[in-house]
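Content type mmCIF, C-alpha atoms, from the file structure_16.cif:
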```
data_input
loop_
_atom_site.label_atom_id
_atom_site.label_comp_id
_atom_site.auth_asym_id
_atom_site.auth_seq_id
_atom_site.Cartn_x
_atom_site.Cartn_y
_atom_site.Cartn_z
CA MET A 1 -140.76 -36.69 87.41
CA ASN A 2 -142.05 -39.76 85.60
CA HIS A 3 -141.09 -43.05 87.16
CA GLN A 4 -141.42 -46.63 86.07
CA GLY A 5 -143.25 -48.85 88.53
CA LYS A 6 -141.15 -51.35 90.46
CA LEU A 7 -142.25 -54.46 92.33
CA ILE A 8 -139.91 -55.05 95.27
CA VAL A 9 -140.43 -58.09 97.49
CA LEU A 10 -139.02 -58.71 100.96
CA GLU A 11 -138.80 -62.31 102.12
CA GLY A 12 -137.67 -64.20 105.19
CA ILE A 13 -138.74 -66.56 107.93
CA ASP A 14 -141.26 -65.47 110.55
CA GLY A 15 -139.46 -62.96 112.74
CA ALA A 16 -136.99 -61.90 110.04
CA GLY A 17 -138.27 -58.33 110.30
CA THR A 18 -139.56 -57.96 106.73
CA THR A 19 -142.69 -56.06 107.79
CA THR A 20 -140.69 -53.58 109.87
CA GLN A 21 -138.12 -53.06 107.13
CA ILE A 22 -140.79 -52.52 104.48
CA GLU A 23 -142.44 -49.83 106.59
CA ARG A 24 -139.07 -48.17 107.20
CA TYR A 25 -138.15 -48.17 103.54
CA ALA A 26 -141.60 -46.92 102.54
CA GLU A 27 -141.18 -43.93 104.84
CA HIS A 28 -137.73 -43.32 103.34
CA LEU A 29 -139.31 -43.21 99.86
CA ARG A 30 -142.11 -40.90 100.99
CA LEU A 31 -139.54 -38.45 102.34
CA ALA A 32 -137.92 -38.57 98.90
CA ASN A 33 -141.32 -37.79 97.29
CA ARG A 34 -141.44 -41.20 95.60
CA THR A 35 -144.88 -42.76 95.27
CA VAL A 36 -144.92 -46.03 97.22
CA HIS A 37 -147.54 -48.63 98.03
CA VAL A 38 -147.09 -51.20 100.80
CA THR A 39 -148.86 -54.53 100.55
CA ARG A 40 -148.50 -58.15 101.59
CA GLN A 41 -149.29 -61.75 100.79
CA PRO A 42 -151.58 -63.34 101.73
CA SER A 43 -153.46 -60.34 100.40
CA PRO A 44 -156.37 -58.42 101.97
CA GLY A 45 -158.60 -59.87 99.22
CA PRO A 46 -161.16 -62.67 99.61
CA ILE A 47 -158.77 -65.59 99.06
CA GLY A 48 -156.06 -63.97 101.15
CA THR A 49 -158.52 -63.38 103.99
CA MET A 50 -159.40 -67.07 104.00
CA LEU A 51 -155.70 -67.96 103.99
CA ARG A 52 -155.05 -65.74 107.01
CA GLN A 53 -157.87 -67.49 108.82
CA ALA A 54 -156.30 -70.85 107.93
CA LEU A 55 -152.87 -69.66 109.12
CA GLY A 56 -154.42 -68.55 112.39
CA GLY A 57 -156.15 -71.90 112.87
CA ARG A 58 -159.64 -70.39 112.52
CA VAL A 59 -160.41 -72.25 109.28
CA ALA A 60 -159.56 -75.94 108.85
CA VAL A 61 -157.82 -77.06 105.65
CA GLY A 62 -157.85 -80.76 104.77
CA SER A 63 -154.99 -82.44 106.60
CA GLU A 64 -154.43 -85.20 104.03
CA HIS A 65 -153.41 -82.76 101.28
CA HIS A 66 -152.69 -79.69 103.39
CA SER A 67 -149.51 -78.56 101.60
CA GLU A 68 -151.05 -78.97 98.14
CA ILE A 69 -154.24 -77.13 99.10
CA MET A 70 -152.32 -74.26 100.66
CA ALA A 71 -150.06 -73.98 97.61
CA LEU A 72 -153.10 -73.77 95.32
CA LEU A 73 -154.78 -71.16 97.49
CA PHE A 74 -151.65 -69.03 97.73
CA ALA A 75 -151.19 -69.15 93.93
CA ALA A 76 -154.82 -68.10 93.37
CA ASP A 77 -154.52 -65.29 95.90
CA ARG A 78 -151.32 -64.08 94.23
CA LEU A 79 -152.94 -63.65 90.82
CA ASP A 80 -155.98 -61.98 92.39
CA HIS A 81 -153.72 -59.67 94.38
CA LEU A 82 -151.76 -58.68 91.29
CA ALA A 83 -154.90 -57.88 89.32
CA ARG A 84 -156.73 -56.05 92.09
CA GLU A 85 -153.96 -54.11 93.76
CA VAL A 86 -150.37 -54.51 92.56
CA ASP A 87 -150.65 -53.98 88.80
CA PRO A 88 -152.78 -50.80 89.07
CA TRP A 89 -150.17 -49.19 91.33
CA LEU A 90 -147.33 -50.27 89.05
CA ARG A 91 -149.11 -48.73 86.06
CA GLU A 92 -149.16 -45.46 88.00
CA GLY A 93 -145.39 -45.64 88.37
CA ALA A 94 -145.37 -46.50 92.07
CA VAL A 95 -142.86 -48.58 93.96
CA VAL A 96 -144.83 -51.52 95.31
CA LEU A 97 -143.25 -53.06 98.41
CA CYS A 98 -144.68 -56.52 98.98
CA ASP A 99 -144.18 -58.52 102.15
CA ARG A 100 -143.76 -62.08 100.73
CA TYR A 101 -144.38 -63.50 97.27
CA ASP A 102 -144.11 -66.92 95.63
CA LEU A 103 -140.70 -67.66 97.15
CA SER A 104 -142.63 -68.01 100.42
CA SER A 105 -145.02 -70.48 98.82
CA ILE A 106 -142.23 -72.65 97.47
CA ALA A 107 -140.31 -72.59 100.75
CA TYR A 108 -143.21 -73.02 103.19
CA GLN A 109 -145.19 -75.58 101.25
CA THR A 110 -142.08 -77.64 100.50
CA ALA A 111 -140.97 -77.50 104.13
CA THR A 112 -144.38 -78.73 105.33
CA ALA A 113 -145.00 -81.37 102.65
CA PRO A 114 -144.89 -85.02 103.78
CA ALA A 115 -141.65 -86.86 103.06
CA GLU A 116 -143.43 -89.48 100.97
CA LEU A 117 -144.87 -86.76 98.72
CA LEU A 118 -141.45 -85.15 98.27
CA ALA A 119 -140.04 -88.57 97.33
CA ARG A 120 -142.68 -89.10 94.63
CA VAL A 121 -142.81 -85.75 92.86
CA ASP A 122 -140.80 -82.60 92.22
CA PHE A 123 -142.90 -80.66 94.70
CA GLU A 124 -140.81 -77.48 94.48
CA GLY A 125 -141.21 -77.52 90.71
CA TRP A 126 -144.96 -78.09 91.00
CA VAL A 127 -145.43 -75.11 93.32
CA ARG A 128 -143.27 -73.01 91.03
CA SER A 129 -145.42 -74.01 88.05
CA LEU A 130 -148.59 -72.92 89.87
CA ASN A 131 -147.15 -69.41 89.94
CA ARG A 132 -145.94 -69.29 86.34
CA PHE A 133 -148.48 -66.60 85.41
CA ALA A 134 -147.46 -64.28 88.27
CA ARG A 135 -145.25 -61.38 87.17
CA ARG A 136 -141.70 -61.57 88.42
CA PRO A 137 -140.49 -59.07 91.01
CA ASP A 138 -137.99 -56.48 89.86
CA LEU A 139 -135.99 -57.52 92.92
CA THR A 140 -136.44 -59.86 95.86
CA VAL A 141 -134.57 -59.01 99.07
CA VAL A 142 -134.17 -62.02 101.35
CA VAL A 143 -133.59 -60.99 104.95
CA ASP A 144 -131.58 -63.87 106.44
CA VAL A 145 -131.72 -64.21 110.21
CA THR A 146 -130.66 -66.95 112.58
CA PRO A 147 -133.65 -69.04 113.65
CA GLU A 148 -132.83 -68.34 117.32
CA LEU A 149 -133.04 -64.56 116.85
CA ALA A 150 -136.28 -64.87 114.89
CA GLU A 151 -137.74 -67.11 117.60
CA GLY A 152 -136.99 -64.47 120.22
CA ARG A 153 -138.73 -61.82 118.14
CA ARG A 154 -141.77 -64.03 117.63
CA ALA A 155 -141.97 -64.71 121.36
CA SER A 156 -142.31 -60.97 122.02
CA ARG A 157 -145.36 -60.66 119.78
CA ALA A 158 -148.87 -60.50 121.14
CA GLY A 159 -151.45 -63.02 120.01
CA LYS A 160 -151.49 -66.68 119.10
CA PRO A 161 -148.70 -68.02 116.82
CA ASP A 162 -149.80 -69.13 113.36
CA ILE A 163 -149.61 -72.72 112.20
CA TYR A 164 -146.10 -72.29 110.76
CA GLU A 165 -144.48 -70.59 113.74
CA TYR A 166 -142.67 -73.44 115.41
CA SER A 167 -138.93 -73.82 115.79
CA ASP A 168 -138.15 -76.95 113.79
CA LEU A 169 -140.03 -75.69 110.75
CA GLN A 170 -138.49 -72.24 110.95
CA SER A 171 -135.00 -73.78 110.99
CA ARG A 172 -135.82 -75.74 107.83
CA LEU A 173 -137.22 -72.59 106.25
CA ALA A 174 -134.09 -70.60 107.08
CA ALA A 175 -132.04 -73.20 105.18
CA LEU A 176 -134.40 -73.02 102.19
CA TYR A 177 -134.27 -69.23 102.08
CA ARG A 178 -130.50 -69.43 101.85
CA GLU A 179 -131.13 -71.33 98.60
CA ALA A 180 -133.56 -68.73 97.24
CA GLU A 181 -131.77 -68.50 93.89
CA ARG A 182 -132.34 -72.22 93.35
CA LEU A 183 -135.99 -72.04 94.37
CA CYS A 184 -136.71 -69.13 91.99
CA PRO A 185 -134.21 -69.55 89.14
CA GLY A 186 -133.78 -66.50 86.97
CA ASP A 187 -135.17 -64.05 89.54
CA ALA A 188 -133.15 -61.05 90.71
CA ILE A 189 -132.42 -61.89 94.36
CA VAL A 190 -130.13 -60.34 96.96
CA HIS A 191 -129.53 -61.43 100.54
CA VAL A 192 -129.25 -59.12 103.53
CA ASP A 193 -128.01 -60.19 106.96
CA GLY A 194 -130.94 -59.50 109.27
CA ASP A 195 -129.14 -60.21 112.55
CA PRO A 196 -127.65 -56.73 113.19
CA SER A 197 -129.68 -53.82 114.57
CA LEU A 198 -132.79 -52.58 112.78
CA ASP A 199 -130.96 -49.40 111.78
CA GLU A 200 -128.06 -51.32 110.26
CA VAL A 201 -130.38 -53.59 108.28
CA SER A 202 -132.41 -50.60 107.09
CA ALA A 203 -129.24 -48.87 105.89
CA ARG A 204 -128.18 -51.94 103.94
CA ILE A 205 -131.61 -52.24 102.31
CA ARG A 206 -131.54 -48.56 101.33
CA GLY A 207 -128.10 -49.07 99.81
CA ILE A 208 -129.43 -51.91 97.67
CA LEU A 209 -132.75 -50.39 96.62
CA ASP A 210 -132.06 -46.67 96.24
CA PRO A 211 -130.12 -47.00 92.96
CA MET A 212 -133.05 -48.94 91.46
CA VAL A 213 -135.99 -46.88 92.69
CA LEU A 214 -134.51 -43.42 93.23
CA GLY A 215 -131.62 -43.44 90.79
CA VAL A 216 -129.13 -42.40 93.48
CA ARG A 217 -126.07 -44.14 94.85
#
```
Could you take the file, read its structure, and then write that structure out as structure tokens?
Amino acid sequence: MNHQGKLIVLEGIDGAGTTTQIERYAEHLRLANRTVHVTRQPSPGPIGTMLRQALGGRVAVGSEHHSEIMALLFAADRLDHLAREVDPWLREGAVVLCDRYDLSSIAYQTATAPAELLARVDFEGWVRSLNRFARRPDLTVVVDVTPELAEGRRASRAGKPDIYEYSDLQSRLAALYREAERLCPGDAIVHVDGDPSLDEVSARIRGILDPMVLGVR
């Protein structure tokens, strides 16, 4: 059967469970014999690798303009990721499941920008404009979780937290994600409550996505 490629993005704060839910939905599609490709941003490419090092504190990014620099790097990585990996899979008719996209950039860089910068410029609009050449997702699923639940999940992870994984910031991010439609006007966005069990959240995501990617209800 010929299929049209679909770009599906899952978004949420750290600990929302987007990575787990993407893997679960990918397996669901494989069982239905639907071609699927799982990816993420920052990407595995050269710019994305540098970003992951910065997020892990292994590469220093200028503190004076940290939010602006990170926004520029994320936008560059996004276009590189699309060209190298996402678009080729979409041309083959695959469902591409991407863990984070430019909604993350707008939310995270706005939440970490200095107050004086936010007072001077439309920072959200600037970050959005950096990503104007990035194709729009066919659908973005925002997994909304309470910051307290997400914090508990992050605490159970092995390894050092990244530079964004602290409670006050995550609470601000949760509020921004609830305004996803404002941050990415015109995008197709749905919200899923991520607080119930993994199985319940997976079932809700299947109910949203299956009609689009499998043509079943």
Here's the selection I'm unsure about, the PyMOL selection byres ((chain A and resi 121-133) around 12); applied to the file above, which residues does it give, as number ranges by chain? A: 67-80, 82-83, 101-120, 134-136, 176, 180, 182-185
How far is it from atom CA of A:Ser156 to atom CA of A:Gly15, in Å with one decimal? 9.9 Å
The PyMOL selection byres ((chain A and resi 177) around 8) - which residues does that actually catch in the file I just gave you? List them as a count of residues only. 12
Restricting the calculation to all atoms listed in the file, which member of A:Arg24, A:Arg34, A:Arg58, A:Arg157 is positioned closest to A:Asp199?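 Of A:Arg24, A:Arg34, A:Arg58, A:Arg157, the one nearest A:Asp199, counting all atoms listed in the file, is A:Arg24.
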What is the atom CA of A:Val95-atom CA of A:Gln4 distance in Å, reported with one decimal? 8.3 Å
Might you spell out which residues the PyMOL selection byres ((chain A and resi 145) around 6) would select in the displayed file, as a ChimeraX atom specification? /A:16,144,146,194-195
Record the distance separating atom CA of A:Val36 and atom CA of A:Val201, expressed in Å with one decimal.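 The value is 19.8 Å.
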Up to 12 Å from (-154.3, -71.3, 109.4) in the file's coordinates: name the residues, counting all atoms listed in the file, as a short mmCIF file (atom, residue, chain, number, x, y, z; two decimals) with C-alpha atoms, in the frame of the given file.
```cif
data_model
loop_
_atom_site.label_atom_id
_atom_site.label_comp_id
_atom_site.auth_asym_id
_atom_site.auth_seq_id
_atom_site.Cartn_x
_atom_site.Cartn_y
_atom_site.Cartn_z
CA PRO A 42 -151.58 -63.34 101.73
CA GLY A 48 -156.06 -63.97 101.15
CA THR A 49 -158.52 -63.38 103.99
CA MET A 50 -159.40 -67.07 104.00
CA LEU A 51 -155.70 -67.96 103.99
CA ARG A 52 -155.05 -65.74 107.01
CA GLN A 53 -157.87 -67.49 108.82
CA ALA A 54 -156.30 -70.85 107.93
CA LEU A 55 -152.87 -69.66 109.12
CA GLY A 56 -154.42 -68.55 112.39
CA GLY A 57 -156.15 -71.90 112.87
CA ARG A 58 -159.64 -70.39 112.52
CA VAL A 59 -160.41 -72.25 109.28
CA ALA A 60 -159.56 -75.94 108.85
CA VAL A 61 -157.82 -77.06 105.65
CA GLY A 62 -157.85 -80.76 104.77
CA SER A 63 -154.99 -82.44 106.60
CA HIS A 66 -152.69 -79.69 103.39
CA SER A 67 -149.51 -78.56 101.60
CA ILE A 69 -154.24 -77.13 99.10
CA MET A 70 -152.32 -74.26 100.66
CA LEU A 73 -154.78 -71.16 97.49
CA LYS A 160 -151.49 -66.68 119.10
CA PRO A 161 -148.70 -68.02 116.82
CA ASP A 162 -149.80 -69.13 113.36
CA ILE A 163 -149.61 -72.72 112.20
CA TYR A 164 -146.10 -72.29 110.76
CA GLU A 165 -144.48 -70.59 113.74
#
```
Taking every listed atom of stretch 176-183 of chain A and adding 4 Å to each side, what centre and edge lengths in Å (one decimal) does the axis-aligned box have, as AutoDock Vina command-line options?
```
--center_x -133.2 --center_y -70.8 --center_z 97.8 --size_x 13.5 --size_y 12.5 --size_z 16.8
```
Give me, as a list in words, all polymer residues having an atom no more than 8 Å from A:Lys6, counting only C-alpha atoms and skipping those fewer than 4 positions away in the same chain.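 Residues meeting the cut-off are Leu90, Gly93, Ala94, Val95, Val96, Pro137, Asp138 and Val213 of chain A.
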Out of A:Ala150, A:Ile47, A:Leu31, A:Leu169, which residue has the shortest atom-to-atom distance to A:Thr18 when counting only C-alpha atoms?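 Closest residue, counting only C-alpha atoms: A:Ala150.
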Here's a test: counting all atoms listed in the file, identify every protein, DNA and RNA residue with an atom at most 10 Å from (-134.0, -50.9, 93.5) in the file's coordinate frame, and state them as an MDAnalysis selection string. chainID A and resid 6:8 95 138:141 205:216
